[in-house]
$ cat start_23.pdb   # PDB, C-alpha atoms, pLDDT in the B column
ATOM      1  CA  MET A   1     -17.831 -11.064  -5.977  1.00 74.00           C
ATOM      2  CA  SER A   2     -16.937  -7.846  -7.705  1.00 89.00           C
ATOM      3  CA  ALA A   3     -14.350  -5.145  -7.169  1.00 94.00           C
ATOM      4  CA  ILE A   4     -14.833  -2.738  -4.292  1.00 95.00           C
ATOM      5  CA  ASP A   5     -16.024   0.487  -5.832  1.00 95.00           C
ATOM      6  CA  MET A   6     -13.634   3.265  -4.796  1.00 95.00           C
ATOM      7  CA  THR A   7     -14.395   5.509  -7.758  1.00 95.00           C
ATOM      8  CA  HIS A   8     -16.292   8.058  -5.657  1.00 95.00           C
ATOM      9  CA  ILE A   9     -13.178   8.488  -3.511  1.00 95.00           C
ATOM     10  CA  TYR A  10     -10.505   8.423  -6.223  1.00 93.00           C
ATOM     11  CA  GLY A  11     -12.636  10.680  -8.408  1.00 93.00           C
ATOM     12  CA  ASN A  12     -13.446  13.250  -5.733  1.00 95.00           C
ATOM     13  CA  LYS A  13     -11.463  16.416  -6.482  1.00 94.00           C
ATOM     14  CA  ASN A  14     -11.380  17.335  -2.776  1.00 95.00           C
ATOM     15  CA  TYR A  15      -9.165  14.331  -2.046  1.00 96.00           C
ATOM     16  CA  LYS A  16      -6.675  14.632  -4.930  1.00 94.00           C
ATOM     17  CA  GLY A  17      -3.138  14.585  -3.568  1.00 92.00           C
ATOM     18  CA  LYS A  18      -4.361  13.924  -0.027  1.00 95.00           C
ATOM     19  CA  TRP A  19      -4.507  11.096   2.434  1.00 95.00           C
ATOM     20  CA  VAL A  20      -7.930   9.802   3.342  1.00 97.00           C
ATOM     21  CA  ALA A  21      -9.183   7.582   6.138  1.00 97.00           C
ATOM     22  CA  VAL A  22     -11.854   5.170   4.931  1.00 97.00           C
ATOM     23  CA  GLU A  23     -14.355   3.185   6.986  1.00 96.00           C
ATOM     24  CA  ASP A  24     -16.411   0.189   5.877  1.00 93.00           C
ATOM     25  CA  TYR A  25     -14.084  -0.218   2.928  1.00 91.00           C
ATOM     26  CA  GLN A  26     -15.296  -3.733   2.144  1.00 89.00           C
ATOM     27  CA  THR A  27     -19.002  -2.993   1.963  1.00 91.00           C
ATOM     28  CA  ASN A  28     -19.686   0.712   1.749  1.00 92.00           C
ATOM     29  CA  PRO A  29     -16.433   2.666   1.663  1.00 95.00           C
ATOM     30  CA  LYS A  30     -16.740   6.198   2.937  1.00 96.00           C
ATOM     31  CA  VAL A  31     -14.180   8.835   3.847  1.00 97.00           C
ATOM     32  CA  VAL A  32     -14.282   9.830   7.511  1.00 97.00           C
ATOM     33  CA  ALA A  33     -11.244  12.140   7.488  1.00 97.00           C
ATOM     34  CA  SER A  34      -8.634  13.537   5.148  1.00 97.00           C
ATOM     35  CA  GLY A  35      -5.395  15.443   5.451  1.00 97.00           C
ATOM     36  CA  LYS A  36      -2.156  16.402   3.786  1.00 95.00           C
ATOM     37  CA  THR A  37      -0.228  13.701   5.625  1.00 94.00           C
ATOM     38  CA  LEU A  38      -0.903  10.186   6.822  1.00 94.00           C
ATOM     39  CA  LYS A  39      -0.532  11.278  10.418  1.00 94.00           C
ATOM     40  CA  ALA A  40      -2.935  14.224  10.039  1.00 96.00           C
ATOM     41  CA  ALA A  41      -5.668  12.169   8.380  1.00 96.00           C
ATOM     42  CA  MET A  42      -5.268   9.279  10.807  1.00 95.00           C
ATOM     43  CA  GLU A  43      -5.371  11.525  13.869  1.00 95.00           C
ATOM     44  CA  LYS A  44      -8.498  13.293  12.603  1.00 97.00           C
ATOM     45  CA  ALA A  45     -10.205   9.940  12.083  1.00 97.00           C
ATOM     46  CA  GLN A  46      -9.164   8.688  15.502  1.00 95.00           C
ATOM     47  CA  GLN A  47     -10.482  11.861  17.129  1.00 97.00           C
ATOM     48  CA  LYS A  48     -13.823  10.983  15.546  1.00 97.00           C
ATOM     49  CA  GLY A  49     -13.655   7.545  17.106  1.00 97.00           C
ATOM     50  CA  PHE A  50     -12.434   5.485  14.149  1.00 96.00           C
ATOM     51  CA  LYS A  51      -9.650   3.427  15.647  1.00 93.00           C
ATOM     52  CA  LEU A  52      -8.081   1.774  12.603  1.00 95.00           C
ATOM     53  CA  PRO A  53      -9.497   3.122   9.335  1.00 96.00           C
ATOM     54  CA  LEU A  54      -8.056   2.125   5.971  1.00 96.00           C
ATOM     55  CA  MET A  55      -5.569   4.813   5.004  1.00 96.00           C
ATOM     56  CA  MET A  56      -5.270   5.601   1.318  1.00 94.00           C
ATOM     57  CA  GLN A  57      -3.254   8.176  -0.564  1.00 93.00           C
ATOM     58  CA  ILE A  58      -5.210   9.565  -3.470  1.00 93.00           C
ATOM     59  CA  PRO A  59      -3.055  10.443  -6.483  1.00 89.00           C
ATOM     60  CA  LYS A  60      -3.581  13.764  -8.197  1.00 87.00           C
ATOM     61  CA  LYS A  61      -4.108  11.887 -11.438  1.00 81.00           C
ATOM     62  CA  ILE A  62      -5.259   8.339 -11.999  1.00 78.00           C
ATOM     63  CA  LEU A  63      -2.978   7.096 -14.731  1.00 73.00           C
ATOM     64  CA  PRO A  64      -2.504   3.517 -15.871  1.00 73.00           C
ATOM     65  CA  PHE A  65       0.233   2.006 -13.729  1.00 69.00           C
ATOM     66  CA  ALA A  66       3.116   0.033 -15.235  1.00 70.00           C
ATOM     67  CA  GLY A  67       4.515  -1.842 -12.265  1.00 68.00           C
ATOM     68  CA  GLY A  68       7.784  -3.479 -11.489  1.00 68.00           C
ATOM     69  CA  TYR A  69      10.627  -2.081  -9.412  1.00 70.00           C
ATOM     70  CA  HIS A  70      14.105  -3.528  -9.690  1.00 72.00           C
ATOM     71  CA  ILE A  71      17.142  -3.048  -7.513  1.00 70.00           C
ATOM     72  CA  ILE A  72      20.209  -1.431  -9.074  1.00 69.00           C
ATOM     73  CA  THR A  73      22.517  -1.314  -6.055  1.00 66.00           C
ATOM     74  CA  GLU A  74      22.362  -3.712  -3.136  1.00 60.00           C
TER      75      GLU A  74
ATOM     76  CA  MET B  75      -8.010 -15.418   2.367  1.00 93.00           C
ATOM     77  CA  ILE B  76      -9.986 -13.806  -0.402  1.00 96.00           C
ATOM     78  CA  PHE B  77      -9.975 -10.099  -1.141  1.00 96.00           C
ATOM     79  CA  GLU B  78     -11.662  -8.087  -3.834  1.00 96.00           C
ATOM     80  CA  TYR B  79      -9.975  -5.837  -6.353  1.00 96.00           C
ATOM     81  CA  PHE B  80     -10.290  -2.083  -5.920  1.00 95.00           C
ATOM     82  CA  LYS B  81     -12.083  -0.220  -8.679  1.00 95.00           C
ATOM     83  CA  VAL B  82     -10.306   3.137  -8.986  1.00 92.00           C
ATOM     84  CA  ASN B  83     -12.127   4.491 -12.019  1.00 91.00           C
ATOM     85  CA  HIS B  84     -14.534   3.197 -14.635  1.00 90.00           C
ATOM     86  CA  ARG B  85     -11.725   1.581 -16.630  1.00 90.00           C
ATOM     87  CA  ILE B  86      -9.217   0.410 -14.029  1.00 92.00           C
ATOM     88  CA  ILE B  87      -9.417  -2.229 -11.303  1.00 94.00           C
ATOM     89  CA  ARG B  88      -6.319  -3.092  -9.294  1.00 94.00           C
ATOM     90  CA  PRO B  89      -5.273  -5.954  -6.975  1.00 96.00           C
ATOM     91  CA  ILE B  90      -5.000  -3.876  -3.806  1.00 95.00           C
ATOM     92  CA  ILE B  91      -5.280  -5.423  -0.368  1.00 97.00           C
ATOM     93  CA  PRO B  92      -5.333  -4.011   3.153  1.00 96.00           C
ATOM     94  CA  VAL B  93      -2.204  -4.495   5.256  1.00 97.00           C
ATOM     95  CA  ILE B  94      -1.503  -3.442   8.812  1.00 97.00           C
ATOM     96  CA  LEU B  95       1.874  -1.783   9.281  1.00 97.00           C
ATOM     97  CA  LYS B  96       3.271  -1.448  12.772  1.00 96.00           C
ATOM     98  CA  SER B  97       6.337   0.562  13.726  1.00 94.00           C
ATOM     99  CA  SER B  98       7.694   0.868  17.235  1.00 92.00           C
ATOM    100  CA  THR B  99       5.318   3.773  17.909  1.00 92.00           C
ATOM    101  CA  ARG B 100       2.398   3.651  15.483  1.00 93.00           C
ATOM    102  CA  VAL B 101      -0.015   1.358  13.639  1.00 95.00           C
ATOM    103  CA  ALA B 102      -1.808   1.992  10.341  1.00 96.00           C
ATOM    104  CA  LEU B 103      -4.122   0.014   8.108  1.00 96.00           C
ATOM    105  CA  TYR B 104      -2.867   0.791   4.638  1.00 95.00           C
ATOM    106  CA  SER B 105      -3.612  -0.212   1.071  1.00 95.00           C
ATOM    107  CA  ALA B 106      -0.993  -2.079  -0.950  1.00 96.00           C
ATOM    108  CA  LEU B 107      -0.842  -3.170  -4.570  1.00 95.00           C
ATOM    109  CA  ILE B 108       0.212  -6.716  -5.404  1.00 96.00           C
ATOM    110  CA  ASP B 109       2.962  -6.368  -8.006  1.00 93.00           C
ATOM    111  CA  SER B 110       4.694  -9.561  -9.104  1.00 92.00           C
ATOM    112  CA  GLY B 111       7.136  -7.499 -11.192  1.00 88.00           C
ATOM    113  CA  SER B 112       8.705  -5.857  -8.163  1.00 90.00           C
ATOM    114  CA  ASP B 113      11.734  -7.375  -6.494  1.00 90.00           C
ATOM    115  CA  TYR B 114      10.888  -5.973  -3.083  1.00 92.00           C
ATOM    116  CA  CYS B 115       8.068  -4.444  -1.078  1.00 95.00           C
ATOM    117  CA  ILE B 116       8.134  -0.671  -1.337  1.00 94.00           C
ATOM    118  CA  PHE B 117       6.289   1.981   0.629  1.00 95.00           C
ATOM    119  CA  GLY B 118       6.249   5.739   0.203  1.00 93.00           C
ATOM    120  CA  LEU B 119       8.086   8.276   2.306  1.00 93.00           C
ATOM    121  CA  GLY B 120       4.711   9.507   3.536  1.00 92.00           C
ATOM    122  CA  VAL B 121       4.263   6.157   5.247  1.00 93.00           C
ATOM    123  CA  ALA B 122       7.721   6.420   6.814  1.00 94.00           C
ATOM    124  CA  LYS B 123       6.861   9.853   8.169  1.00 93.00           C
ATOM    125  CA  GLY B 124       3.421   8.824   9.339  1.00 93.00           C
ATOM    126  CA  LEU B 125       4.766   5.823  11.223  1.00 95.00           C
ATOM    127  CA  ASP B 126       7.821   7.639  12.611  1.00 94.00           C
ATOM    128  CA  ILE B 127      10.264   5.362  10.814  1.00 94.00           C
ATOM    129  CA  LYS B 128      13.783   6.809  10.817  1.00 91.00           C
ATOM    130  CA  LEU B 129      15.611   6.771   7.499  1.00 92.00           C
ATOM    131  CA  LYS B 130      19.307   5.970   7.819  1.00 89.00           C
ATOM    132  CA  SER B 131      21.807   7.048   5.170  1.00 89.00           C
ATOM    133  CA  LYS B 132      23.737   3.791   5.570  1.00 90.00           C
ATOM    134  CA  ASN B 133      20.620   1.975   4.340  1.00 92.00           C
ATOM    135  CA  LYS B 134      20.385   3.843   1.037  1.00 91.00           C
ATOM    136  CA  ILE B 135      19.593   1.798  -2.041  1.00 88.00           C
ATOM    137  CA  LYS B 136      18.979   2.610  -5.694  1.00 86.00           C
ATOM    138  CA  PHE B 137      16.313   0.988  -7.791  1.00 81.00           C
ATOM    139  CA  MET B 138      14.307   1.637 -10.902  1.00 76.00           C
ATOM    140  CA  GLY B 139      10.823   1.190 -12.244  1.00 76.00           C
ATOM    141  CA  ILE B 140       9.750   0.882 -15.806  1.00 71.00           C
ATOM    142  CA  GLY B 141      11.115   4.346 -16.634  1.00 69.00           C
ATOM    143  CA  LYS B 142      14.785   5.215 -17.037  1.00 66.00           C
ATOM    144  CA  GLU B 143      15.194   7.230 -13.880  1.00 78.00           C
ATOM    145  CA  GLU B 144      16.822   5.776 -10.813  1.00 83.00           C
ATOM    146  CA  ILE B 145      14.964   6.110  -7.530  1.00 84.00           C
ATOM    147  CA  GLU B 146      16.713   6.408  -4.203  1.00 89.00           C
ATOM    148  CA  GLY B 147      15.276   4.499  -1.299  1.00 92.00           C
ATOM    149  CA  PHE B 148      16.081   3.345   2.191  1.00 95.00           C
ATOM    150  CA  ARG B 149      16.038  -0.192   3.461  1.00 94.00           C
ATOM    151  CA  SER B 150      14.059  -0.706   6.616  1.00 95.00           C
ATOM    152  CA  GLU B 151      12.180  -3.347   8.535  1.00 95.00           C
ATOM    153  CA  ILE B 152       8.695  -3.228   9.976  1.00 96.00           C
ATOM    154  CA  GLU B 153       5.988  -5.516  11.309  1.00 97.00           C
ATOM    155  CA  ILE B 154       3.261  -6.309   8.814  1.00 97.00           C
ATOM    156  CA  ARG B 155      -0.028  -8.137   9.186  1.00 97.00           C
ATOM    157  CA  ILE B 156      -1.752  -9.525   6.118  1.00 96.00           C
ATOM    158  CA  GLY B 157      -4.935 -11.410   6.849  1.00 93.00           C
ATOM    159  CA  ASP B 158      -4.123 -13.631   9.813  1.00 93.00           C
ATOM    160  CA  LYS B 159      -0.370 -13.631   9.279  1.00 95.00           C
ATOM    161  CA  THR B 160       1.979 -11.267  11.118  1.00 96.00           C
ATOM    162  CA  TYR B 161       5.701 -11.116  10.393  1.00 96.00           C
ATOM    163  CA  GLN B 162       8.722  -8.845  10.141  1.00 96.00           C
ATOM    164  CA  ILE B 163       9.153  -7.595   6.611  1.00 95.00           C
ATOM    165  CA  LYS B 164      12.139  -5.973   4.931  1.00 94.00           C
ATOM    166  CA  ILE B 165      10.902  -3.011   2.929  1.00 95.00           C
ATOM    167  CA  ILE B 166      12.208  -0.116   0.899  1.00 94.00           C
ATOM    168  CA  LEU B 167      10.953   3.361   1.681  1.00 95.00           C
ATOM    169  CA  ALA B 168      11.111   5.719  -1.277  1.00 92.00           C
ATOM    170  CA  ASP B 169       9.439   8.621  -3.007  1.00 88.00           C
ATOM    171  CA  ILE B 170       6.709   6.673  -4.779  1.00 80.00           C
ATOM    172  CA  ASN B 171       3.940   8.865  -3.430  1.00 68.00           C
ATOM    173  CA  ASP B 172       2.449   9.406  -6.893  1.00 72.00           C
ATOM    174  CA  VAL B 173       1.592   5.715  -6.960  1.00 78.00           C
ATOM    175  CA  GLY B 174      -0.672   6.064  -3.928  1.00 85.00           C
ATOM    176  CA  TYR B 175      -0.203   2.545  -2.533  1.00 90.00           C
ATOM    177  CA  GLY B 176       2.404   0.364  -1.013  1.00 94.00           C
ATOM    178  CA  ILE B 177       3.903  -2.194  -3.389  1.00 94.00           C
ATOM    179  CA  LEU B 178       3.942  -5.866  -2.441  1.00 96.00           C
ATOM    180  CA  GLY B 179       6.705  -7.550  -4.430  1.00 95.00           C
ATOM    181  CA  GLN B 180       8.564 -10.838  -4.595  1.00 94.00           C
ATOM    182  CA  GLN B 181      10.690 -10.641  -1.458  1.00 94.00           C
ATOM    183  CA  GLY B 182       8.563  -9.947   1.570  1.00 95.00           C
ATOM    184  CA  PHE B 183       5.206 -10.880   0.029  1.00 97.00           C
ATOM    185  CA  PHE B 184       5.358 -13.531  -2.689  1.00 97.00           C
ATOM    186  CA  ASP B 185       7.884 -15.492  -0.638  1.00 95.00           C
ATOM    187  CA  HIS B 186       5.265 -15.637   2.150  1.00 96.00           C
ATOM    188  CA  PHE B 187       2.073 -16.275   0.190  1.00 97.00           C
ATOM    189  CA  ASP B 188       0.763 -18.246  -2.745  1.00 97.00           C
ATOM    190  CA  VAL B 189      -1.212 -15.751  -4.767  1.00 97.00           C
ATOM    191  CA  LYS B 190      -4.022 -16.244  -7.247  1.00 97.00           C
ATOM    192  CA  LEU B 191      -5.386 -13.215  -9.066  1.00 97.00           C
ATOM    193  CA  SER B 192      -8.612 -13.508 -11.026  1.00 97.00           C
ATOM    194  CA  TYR B 193      -9.328 -10.465 -13.121  1.00 95.00           C
ATOM    195  CA  GLN B 194     -12.569 -12.043 -14.327  1.00 95.00           C
ATOM    196  CA  LYS B 195     -13.872 -12.716 -10.830  1.00 95.00           C
ATOM    197  CA  GLN B 196     -12.156  -9.558  -9.532  1.00 96.00           C
ATOM    198  CA  THR B 197     -10.774 -11.513  -6.615  1.00 97.00           C
ATOM    199  CA  ILE B 198      -7.385 -11.968  -4.974  1.00 97.00           C
ATOM    200  CA  GLU B 199      -6.751 -15.247  -3.199  1.00 97.00           C
ATOM    201  CA  ILE B 200      -3.704 -15.514  -0.974  1.00 97.00           C
ATOM    202  CA  GLU B 201      -2.573 -18.441   1.089  1.00 96.00           C
ATOM    203  CA  PRO B 202       0.283 -18.283   3.611  1.00 95.00           C
ATOM    204  CA  ILE B 203       3.169 -20.633   2.859  1.00 91.00           C
ATOM    205  CA  LYS B 204       5.839 -21.994   5.111  1.00 75.00           C
ATOM    206  CA  VAL B 205       8.932 -19.825   4.733  1.00 57.00           C
ATOM    207  CA  THR B 206      11.997 -21.996   4.274  1.00 61.00           C
ATOM    208  CA  ASN B 207      14.752 -19.373   4.061  1.00 57.00           C
TER     209      ASN B 207
END
$ encode --input "start_23.pdb" --output "structure tokens"
Amino acid sequence: MSAIDMTHIYGNKNYKGKWVAVEDYQTNPKVVASGKTLKAAMEKAQQKGFKLPLMMQIPKKILPFAGGYHIITE
Amino acid sequence: MIFEYFKVNHRIIRPIIPVILKSSTRVALYSALIDSGSDYCIFGLGVAKGLDIKLKSKNKIKFMGIGKEEIEGFRSEIEIRIGDKTYQIKIILADINDVGYGILGQQGFFDHFDVKLSYQKQTIEIEPIKVTN
């Protein structure tokens, strides 16, 4: 097995800062709709007949991520 | 259940898995990053808006990432499906939209699954565990 190649989606300047709806994400991921919000992209995809596409938010910049979030106030 | 890492550019692969989030009105298949350093599961405000989740001021919470700045969030609860397992999950909704994924942390994810990450094989193996608390 190898990682699912999403570079053509994350690297596409048309999707920077947008939400995208992706079909066939496990084998041949391709964007079927995009929008400024989750709802907009999802509704566009559903209008095209894609019932439950994988929704992804594409960052404007791909920077190395240093994870870890800790609670300050309960 | 075995998932594959996501390759986001030619240098970075990340342990991201698909999760189904279900609010009282909407359902979305969304991508979420497995992050053992996070106390809780965190999703962006864009997800809250997209799924019509109401944010209540009484549920405000403050947390921080690796930087010095505090982040304000809202506690909420939602139905999540990961692989074959569906359960109610307590989450925090916050402005983490620059991250681009949900965050699957200790409470809400690691307390429900045994997790094995293999960077070499580029695979993510998760196995549901019996929740005792």
$ interface_residues --input "start_23.pdb" --of "chain A" --to "chain B" --cutoff "9 Å" --atoms "only C-alpha atoms" --output "MDAnalysis selection string"
chainID A and resid 1:11 17 19 26 37:40 42 52:62 64:74
$ write_last_selection --input "start_23.pdb" --atoms "C-alpha atoms" --output "short mmCIF file (atom, residue, chain, number, x, y, z; two decimals), keeping the file's coordinate frame"
data_model
loop_
_atom_site.label_atom_id
_atom_site.label_comp_id
_atom_site.auth_asym_id
_atom_site.auth_seq_id
_atom_site.Cartn_x
_atom_site.Cartn_y
_atom_site.Cartn_z
CA MET A 1 -17.83 -11.06 -5.98
CA SER A 2 -16.94 -7.85 -7.70
CA ALA A 3 -14.35 -5.14 -7.17
CA ILE A 4 -14.83 -2.74 -4.29
CA ASP A 5 -16.02 0.49 -5.83
CA MET A 6 -13.63 3.26 -4.80
CA THR A 7 -14.40 5.51 -7.76
CA HIS A 8 -16.29 8.06 -5.66
CA ILE A 9 -13.18 8.49 -3.51
CA TYR A 10 -10.50 8.42 -6.22
CA GLY A 11 -12.64 10.68 -8.41
CA GLY A 17 -3.14 14.58 -3.57
CA TRP A 19 -4.51 11.10 2.43
CA GLN A 26 -15.30 -3.73 2.14
CA THR A 37 -0.23 13.70 5.62
CA LEU A 38 -0.90 10.19 6.82
CA LYS A 39 -0.53 11.28 10.42
CA ALA A 40 -2.94 14.22 10.04
CA MET A 42 -5.27 9.28 10.81
CA LEU A 52 -8.08 1.77 12.60
CA PRO A 53 -9.50 3.12 9.34
CA LEU A 54 -8.06 2.12 5.97
CA MET A 55 -5.57 4.81 5.00
CA MET A 56 -5.27 5.60 1.32
CA GLN A 57 -3.25 8.18 -0.56
CA ILE A 58 -5.21 9.56 -3.47
CA PRO A 59 -3.06 10.44 -6.48
CA LYS A 60 -3.58 13.76 -8.20
CA LYS A 61 -4.11 11.89 -11.44
CA ILE A 62 -5.26 8.34 -12.00
CA PRO A 64 -2.50 3.52 -15.87
CA PHE A 65 0.23 2.01 -13.73
CA ALA A 66 3.12 0.03 -15.24
CA GLY A 67 4.51 -1.84 -12.26
CA GLY A 68 7.78 -3.48 -11.49
CA TYR A 69 10.63 -2.08 -9.41
CA HIS A 70 14.10 -3.53 -9.69
CA ILE A 71 17.14 -3.05 -7.51
CA ILE A 72 20.21 -1.43 -9.07
CA THR A 73 22.52 -1.31 -6.06
CA GLU A 74 22.36 -3.71 -3.14
#
$ residues_near_point --input "start_23.pdb" --point "(-15.0, 11.7, 2.0)" --cutoff "9 Å" --atoms "all atoms listed in the file" --output "PyMOL selection string"
chain A and resi 8-9+12+14-15+20-22+30-34
$ atom_distance --input "start_23.pdb" --atom1 "CA of Gln181 in chain B" --atom2 "CA of Ser131 in chain B"
21.9 Å
$ atom_distance --input "start_23.pdb" --atom1 "CA of Met75 in chain B" --atom2 "CA of Glu23 in chain A"
20.2 Å
$ atom_distance --input "start_23.pdb" --atom1 "CA of Lys159 in chain B" --atom2 "CA of Thr99 in chain B"
20.2 Å
$ residues_around --input "start_23.pdb" --residues "Lys204 in chain B" --least-positions-apart "4" --cutoff "9 Å" --atoms "only C-alpha atoms" --output "PyMOL selection string"
chain B and resi 185-187
$ axis_aligned_box --input "start_23.pdb" --around "range 48-65 of chain A" --padding-each-side "8 Å" --output "AutoDock Vina command-line options"
--center_x -6.8 --center_y 7.8 --center_z 0.6 --size_x 30.1 --size_y 28.0 --size_z 49.0
$ resolve_selection --input "start_23.pdb" --expression "the PyMOL selection byres ((chain B and resi 189) around 9)" --output "PyMOL selection string"
chain B and resi 184+187-188+190-191+198-202
$ closest_residue --input "start_23.pdb" --among "B:Ile91, B:Phe183, B:Ile76, B:Lys128" --to "Ile163 in chain B" --atoms "all atoms listed in the file"
B:Phe183
$ residues_around --input "start_23.pdb" --residues "Ser97 in chain B" --least-positions-apart "6" --cutoff "7 Å" --atoms "all atoms listed in the file" --output "MDAnalysis selection string"
chainID B and resid 125 127 152:153
$ closest_residue --input "start_23.pdb" --among "B:Ile203, B:Gln162, B:Leu95, B:Lys132" --to "Phe117 in chain B" --atoms "all atoms listed in the file"
B:Leu95
